[in-house]
Every structure is written in C-alpha cells, then in structure tokens.
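The structure file protein_37.cif is reproduced below (mmCIF, C-alpha atoms).
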data_my_file
loop_
_atom_site.group_PDB
_atom_site.id
_atom_site.type_symbol
_atom_site.label_atom_id
_atom_site.label_comp_id
_atom_site.auth_asym_id
_atom_site.auth_seq_id
_atom_site.Cartn_x
_atom_site.Cartn_y
_atom_site.Cartn_z
ATOM 1 C CA MET A 246 -51.427 41.156 39.051
ATOM 2 C CA LYS A 247 -48.715 38.543 39.666
ATOM 3 C CA LYS A 248 -48.580 39.426 43.373
ATOM 4 C CA TRP A 249 -52.363 39.097 43.639
ATOM 5 C CA LEU A 250 -52.294 35.702 41.904
ATOM 6 C CA ALA A 251 -49.439 34.503 44.146
ATOM 7 C CA ALA A 252 -51.346 35.642 47.256
ATOM 8 C CA CYS A 253 -54.487 33.777 46.131
ATOM 9 C CA LEU A 254 -52.478 30.637 45.426
ATOM 10 C CA LEU A 255 -50.820 30.812 48.852
ATOM 11 C CA LEU A 256 -54.205 31.319 50.515
ATOM 12 C CA CYS A 257 -55.640 28.278 48.687
ATOM 13 C CA ILE A 258 -52.695 26.070 49.661
ATOM 14 C CA THR A 259 -52.945 27.192 53.292
ATOM 15 C CA SER A 260 -56.675 26.488 53.473
ATOM 16 C CA VAL A 261 -56.269 23.027 51.895
ATOM 17 C CA CYS A 262 -53.479 22.122 54.335
ATOM 18 C CA SER A 263 -55.457 23.295 57.357
ATOM 19 C CA ALA A 264 -58.550 21.398 56.204
ATOM 20 C CA GLN A 265 -56.701 18.059 56.201
ATOM 21 C CA GLU A 266 -57.651 15.788 59.071
ATOM 22 C CA LEU A 267 -55.106 14.835 61.666
ATOM 23 C CA THR A 268 -53.783 11.265 61.738
ATOM 24 C CA LEU A 269 -53.380 9.343 64.977
ATOM 25 C CA ARG A 270 -49.656 9.213 64.294
ATOM 26 C CA ASP A 271 -49.532 13.045 64.351
ATOM 27 C CA ALA A 272 -51.703 13.220 67.466
ATOM 28 C CA PHE A 273 -49.498 10.637 69.216
ATOM 29 C CA ARG A 274 -46.443 12.786 68.462
ATOM 30 C CA GLN A 275 -48.147 15.811 70.022
ATOM 31 C CA MET A 276 -49.522 13.975 73.070
ATOM 32 C CA PRO A 277 -48.537 15.713 76.323
ATOM 33 C CA ASP A 278 -46.203 13.744 78.597
ATOM 34 C CA SER A 279 -48.679 14.263 81.440
ATOM 35 C CA LEU A 280 -51.176 11.891 79.763
ATOM 36 C CA MET A 281 -48.695 9.016 79.660
ATOM 37 C CA PRO A 282 -46.050 9.797 82.286
ATOM 38 C CA SER A 283 -44.102 6.555 81.863
ATOM 39 C CA LEU A 284 -43.170 7.514 78.273
ATOM 40 C CA THR A 285 -41.405 10.680 77.162
ATOM 41 C CA GLN A 286 -42.022 12.449 73.881
ATOM 42 C CA ASN A 287 -38.709 11.013 72.648
ATOM 43 C CA ASP A 288 -39.970 7.508 73.490
ATOM 44 C CA ARG A 289 -43.108 8.134 71.436
ATOM 45 C CA LEU A 290 -41.044 9.450 68.524
ATOM 46 C CA ASP A 291 -38.738 6.423 68.799
ATOM 47 C CA PHE A 292 -41.732 4.084 68.478
ATOM 48 C CA LEU A 293 -42.660 5.736 65.186
ATOM 49 C CA ASP A 294 -39.069 5.793 63.909
ATOM 50 C CA PHE A 295 -38.550 2.115 64.749
ATOM 51 C CA LEU A 296 -41.751 1.120 62.943
ATOM 52 C CA ASP A 297 -40.788 3.215 59.918
ATOM 53 C CA ALA A 298 -37.428 1.439 59.826
ATOM 54 C CA GLY A 299 -39.128 -1.972 59.974
ATOM 55 C CA MET A 300 -37.767 -2.660 63.453
ATOM 56 C CA ARG A 301 -39.492 -3.830 66.631
ATOM 57 C CA ALA A 302 -40.957 -0.704 68.280
ATOM 58 C CA GLU A 303 -39.585 -1.180 71.787
ATOM 59 C CA VAL A 304 -38.261 1.453 74.190
ATOM 60 C CA LYS A 305 -37.070 1.614 77.783
ATOM 61 C CA ASN A 306 -39.714 3.525 79.760
ATOM 62 C CA ARG A 307 -39.302 5.856 82.749
ATOM 63 C CA LEU A 308 -40.220 3.013 85.111
ATOM 64 C CA GLY A 309 -37.170 1.039 84.017
ATOM 65 C CA GLY A 310 -39.207 -1.503 82.088
ATOM 66 C CA THR A 311 -39.802 -2.055 78.402
ATOM 67 C CA SER A 312 -42.729 -0.642 76.437
ATOM 68 C CA VAL A 313 -43.730 -1.981 73.023
ATOM 69 C CA MET A 314 -45.941 -0.502 70.309
ATOM 70 C CA THR A 315 -47.807 -3.541 69.052
ATOM 71 C CA ALA A 316 -49.947 -1.907 66.333
ATOM 72 C CA LEU A 317 -50.210 1.356 64.408
ATOM 73 C CA THR A 318 -52.623 2.309 61.635
ATOM 74 C CA ALA A 319 -53.878 5.674 60.414
ATOM 75 C CA ASP A 320 -56.623 5.694 63.042
ATOM 76 C CA SER A 321 -55.550 3.248 65.781
ATOM 77 C CA LEU A 322 -52.586 2.200 67.868
ATOM 78 C CA SER A 323 -51.810 -0.199 70.689
ATOM 79 C CA LEU A 324 -49.061 -0.010 73.272
ATOM 80 C CA GLN A 325 -48.012 -2.491 75.908
ATOM 81 C CA VAL A 326 -46.666 0.126 78.307
ATOM 82 C CA SER A 327 -45.853 -2.424 81.011
ATOM 83 C CA PRO A 328 -46.989 -5.943 81.894
ATOM 84 C CA ALA A 329 -49.775 -4.296 83.909
ATOM 85 C CA LEU A 330 -50.877 -1.605 81.406
ATOM 86 C CA ARG A 331 -52.010 -1.712 77.793
ATOM 87 C CA VAL A 332 -53.078 1.488 76.038
ATOM 88 C CA ASP A 333 -55.219 1.489 72.895
ATOM 89 C CA MET A 334 -56.117 4.627 70.961
ATOM 90 C CA LEU A 335 -58.625 5.336 68.225
ATOM 91 C CA LEU A 336 -59.024 8.494 66.172
ATOM 92 C CA LEU A 337 -62.665 8.669 65.173
ATOM 93 C CA PRO A 338 -64.455 11.156 62.924
ATOM 94 C CA LEU A 339 -67.559 12.760 64.369
ATOM 95 C CA ALA A 340 -70.722 12.620 62.259
ATOM 96 C CA GLU A 341 -71.746 15.996 63.689
ATOM 97 C CA PRO A 342 -68.858 18.316 64.607
ATOM 98 C CA ILE A 343 -68.964 19.670 68.156
ATOM 99 C CA ASP A 344 -67.974 23.339 68.050
ATOM 100 C CA THR A 345 -64.887 23.169 65.807
ATOM 101 C CA VAL A 346 -63.997 19.565 66.689
ATOM 102 C CA SER A 347 -64.570 17.043 63.898
ATOM 103 C CA GLN A 348 -62.515 14.170 65.340
ATOM 104 C CA VAL A 349 -62.175 12.552 68.754
ATOM 105 C CA ILE A 350 -59.319 10.541 70.233
ATOM 106 C CA VAL A 351 -60.551 7.675 72.388
ATOM 107 C CA VAL A 352 -57.943 6.290 74.792
ATOM 108 C CA GLY A 353 -58.558 2.942 76.437
ATOM 109 C CA GLU A 354 -56.257 2.049 79.300
ATOM 110 C CA THR A 355 -56.443 -1.582 80.368
ATOM 111 C CA PHE A 356 -54.983 -2.213 83.790
ATOM 112 C CA MET A 357 -54.193 -5.867 84.314
ATOM 113 C CA VAL A 358 -54.811 -7.151 87.839
ATOM 114 C CA ASP A 359 -52.957 -10.336 86.923
ATOM 115 C CA SER A 360 -52.217 -12.066 83.634
ATOM 116 C CA ILE A 361 -55.911 -12.882 83.186
ATOM 117 C CA HIS A 362 -58.068 -10.140 84.704
ATOM 118 C CA GLY A 363 -58.054 -6.545 83.523
ATOM 119 C CA GLU A 364 -60.207 -3.460 83.668
ATOM 120 C CA THR A 365 -60.448 -0.885 80.907
ATOM 121 C CA THR A 366 -61.109 2.805 81.439
ATOM 122 C CA LEU A 367 -61.976 5.107 78.545
ATOM 123 C CA ARG A 368 -61.203 8.773 78.090
ATOM 124 C CA CYS A 369 -61.951 11.064 75.151
ATOM 125 C CA PHE A 370 -59.860 13.964 73.903
ATOM 126 C CA THR A 371 -59.974 16.579 71.183
ATOM 127 C CA PRO A 372 -57.204 16.244 68.558
ATOM 128 C CA ASP A 373 -55.171 18.812 70.534
ATOM 129 C CA TRP A 374 -55.490 16.657 73.686
ATOM 130 C CA HIS A 375 -58.126 18.559 75.656
ATOM 131 C CA PRO A 376 -60.404 16.238 77.649
ATOM 132 C CA MET A 377 -63.967 16.029 76.418
ATOM 133 C CA PRO A 378 -67.073 14.015 77.277
ATOM 134 C CA VAL A 379 -67.863 10.988 75.158
ATOM 135 C CA PRO A 380 -69.545 12.371 72.021
ATOM 136 C CA PRO A 381 -72.369 10.666 70.128
ATOM 137 C CA LEU A 382 -70.764 7.864 68.107
ATOM 138 C CA SER A 383 -72.043 5.562 65.395
ATOM 139 C CA GLU A 384 -72.778 1.920 66.146
ATOM 140 C CA SER A 385 -69.648 0.774 64.307
ATOM 141 C CA GLN A 386 -67.499 3.226 66.289
ATOM 142 C CA GLN A 387 -69.018 1.968 69.535
ATOM 143 C CA LYS A 388 -68.172 -1.600 68.484
ATOM 144 C CA ARG A 389 -64.557 -0.621 67.856
ATOM 145 C CA ILE A 390 -64.355 0.910 71.317
ATOM 146 C CA ALA A 391 -65.990 -2.183 72.835
ATOM 147 C CA GLY A 392 -63.132 -4.117 71.223
ATOM 148 C CA PHE A 393 -60.812 -2.753 73.912
ATOM 149 C CA ASN A 394 -62.616 -4.922 76.469
ATOM 150 C CA LEU A 395 -62.871 -7.809 74.009
ATOM 151 C CA GLN A 396 -59.081 -7.848 73.642
ATOM 152 C CA THR A 397 -58.801 -8.436 77.385
ATOM 153 C CA ILE A 398 -61.322 -11.284 77.180
ATOM 154 C CA LEU A 399 -59.460 -12.826 74.220
ATOM 155 C CA LYS A 400 -56.160 -12.533 76.086
ATOM 156 C CA TRP A 401 -57.804 -14.269 79.035
ATOM 157 C CA SER A 402 -59.126 -17.049 76.777
ATOM 158 C CA ASP A 403 -55.727 -17.544 75.136
ATOM 159 C CA GLU A 404 -53.998 -17.796 78.495
ATOM 160 C CA ILE A 405 -56.564 -20.250 79.849
ATOM 161 C CA LEU A 406 -56.174 -22.330 76.675
ATOM 162 C CA ASN A 407 -52.370 -22.286 76.995
ATOM 163 C CA LYS A 408 -52.578 -23.355 80.640
ATOM 164 C CA VAL A 409 -54.931 -26.211 79.725
ATOM 165 C CA ASN A 410 -52.686 -27.326 76.840
ATOM 166 C CA ASN A 411 -49.604 -27.254 79.056
ATOM 167 C CA THR A 412 -51.219 -29.518 81.645
ATOM 168 C CA ILE A 413 -52.289 -32.146 79.091
#
Just give me the structure as structure tokens.
Amino acid sequence: MKKWLAACLLLCITSVCSAQELTLRDAFRQMPDSLMPSLTQNDRLDFLDFLDAGMRAEVKNRLGGTSVMTALTADSLSLQVSPALRVDMLLLPLAEPIDTVSQVIVVGETFMVDSIHGETTLRCFTPDWHPMPVPPLSESQQKRIAGFNLQTILKWSDEILNKVNNTI
C-alpha cells in the first residue's frame, strides 16, 4: 500500500512539473548557438548570472565586440548584440494550442543601417526552438510585437532630438 501511495505521489509531482509553462529565461538558456552565432551558450548563461548578481549584463561576443542584455522579464528580453544588431524576444501564450504547443517565442532582430535607420525581421519558434509560422495572436500580443519597430522609431527620435539639442 505504501509503495502504491508513493508511486501515485511521484506521478502527481511529475505531471505538475511537466505542466508548468516555460519562462523566457529557461528558453534563452536552451537556445541553440546556431540561432545567435555571435553569442555562445556560456555568454547567454553569463548574462543571466550577471543580472542575478545585480551586475551589468555585458559579455565579450565572438565578433570581438561587447554585447549587453538591456532587459529581462519573465516573458521578454532585449539584447544589444552589437551596435548594428538588437534582438528582442517575447514568450507569448497561445489562446488555442497548435498541436502540443501552447507558447510561442517571437524573436525580433533589428538591424541598424546607421544610428538612426533600422529594419526589424520577426521569426517565431516553439519553446524548444523549432521554427514555426506566425500563429494567430491576440490584439494585445500583436501590439507588443509591433513595439519592436516602435523602439527603433523612438531611438531615432531620441537621436534626432539629441542632435538638435547639441546644435543649439
């Protein structure tokens, strides 16, 4: 009877643990190097360790430059990989699961042509980093994704304002 009870308890604990949703932090740890070749897995782990220690999350990347994690929440993160590349990620729940997928990782890569002009490309992935088409998203989720482009516009506005202020 005790063995049966222990087996049931273990089964319940296992099912509860597997039912928990993935955080973006966990997904970022598991991200394949091939999706962000300028950063190694150790670099990504260092970002998280530095933030946990209350330090500036800055690492030397494979290109010889410096990459900085500028924001991290449970469902979003931002990286300035190089002066020419910013990467933003969102982990979004799906209203209607697709097959067994209940979350989607949206990666926005903003390539800066110069300090003012940039272009953002979006890609979607399953939580285990398999590419997928853009799923149906709620209006609020679409607005969050549109924020990737808005950040570039705001950066442009800030830089224009700074240039104007410096000439006055």
With distances taken over all atoms listed in the file, which residue among A:Ile343, A:Leu293, A:Ala316, A:Ile390 lies nearest Met377 of chain A? A:Ile343
Quick one: apply the PyMOL selection byres ((chain A and resi 322) around 7) to the file and drop the selected residues here as a ChimeraX atom specification. /A:316-318,321,323-324,333-335
I'd like the residues picked by the PyMOL selection byres ((chain A and resi 309) around 12) written out as an MDAnalysis selection string, using the chain letters and numbers from the file. chainID A and resid 283:284 304:308 310:312 326:327
Take the residues that were just selected and, keeping C-alpha atoms, output them as a compact mmCIF listing (two decimals), in the frame of the given file.
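Output below, filename again30.txt:
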# COMPACT_ATOMS: atom_id res chain seq x y z
CA SER A 283 -44.10 6.56 81.86
CA LEU A 284 -43.17 7.51 78.27
CA VAL A 304 -38.26 1.45 74.19
CA LYS A 305 -37.07 1.61 77.78
CA ASN A 306 -39.71 3.52 79.76
CA ARG A 307 -39.30 5.86 82.75
CA LEU A 308 -40.22 3.01 85.11
CA GLY A 310 -39.21 -1.50 82.09
CA THR A 311 -39.80 -2.06 78.40
CA SER A 312 -42.73 -0.64 76.44
CA VAL A 326 -46.67 0.13 78.31
CA SER A 327 -45.85 -2.42 81.01
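All residues that come within 8 Å of the coordinates (-55.1, 3.7, 82.3), counting only C-alpha atoms, are given as Leu330, Arg331, Val332, Gly353, Glu354, Thr355, Phe356, Thr365, Thr366 and Leu367 of chain A.
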Near Thr285 of chain A, counting all atoms listed in the file, which residues have an atom at most 10 Å away, once you skip same-chain residues fewer than 6 positions from it, shown as a PyMOL selection string? chain A and resi 276-279+291+306-307
Selection result of the PyMOL selection byres ((chain A and resi 274) around 9) on this file, as a ChimeraX atom specification: /A:269-273,275-277,286-287,289-290,293
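Between atom CA of Gln325 of chain A and atom CA of Thr268 of chain A there is a distance of 20.6 Å.
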Quick one, how far is atom CA of Val379 of chain A from atom CA of Phe393 of chain A? 15.5 Å
Hey, can you check how far atom CA of Ile350 of chain A sits from atom CA of Gln386 of chain A? 11.7 Å
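Proximity to Gly363 of chain A was assessed for A:Val313, A:Ala329, A:Ala319, A:Val346 counting all atoms listed in the file; the smallest distance is recorded for A:Ala329.
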Return the single residue from A:Leu296, A:Trp374, A:Asp359, A:Gln348 that is closest to Asp320 of chain A, with distances computed using all atoms listed in the file.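 Smallest separation from Asp320 of chain A among the options: A:Gln348.
Taking all atoms listed in the file into account, Ser347 of chain A lies nearest to A:Leu267 out of the set A:Arg368, A:Phe292, A:Leu267, A:Met300.
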Selected residue of minimal separation from Met357 of chain A among A:Gly299, A:Pro328, A:Gly392, A:Pro342, counting all atoms listed in the file: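 Among A:Gly299, A:Pro328, A:Gly392, A:Pro342, it is A:Pro328 that comes nearest to Met357 of chain A.
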Just checking: using all atoms listed in the file, which residue out of A:Lys388, A:Phe295, A:Thr371, A:Ile361 ends up closest to Asp344 of chain A? A:Thr371
Listed atoms of segment 371-387 of chain A, axis-aligned box, 3 Å per side: centre and edge lengths to one decimal in Å, as JSON?
{"center_x": -64.0, "center_y": 9.8, "center_z": 71.0, "size_x": 23.6, "size_y": 24.0, "size_z": 19.3}
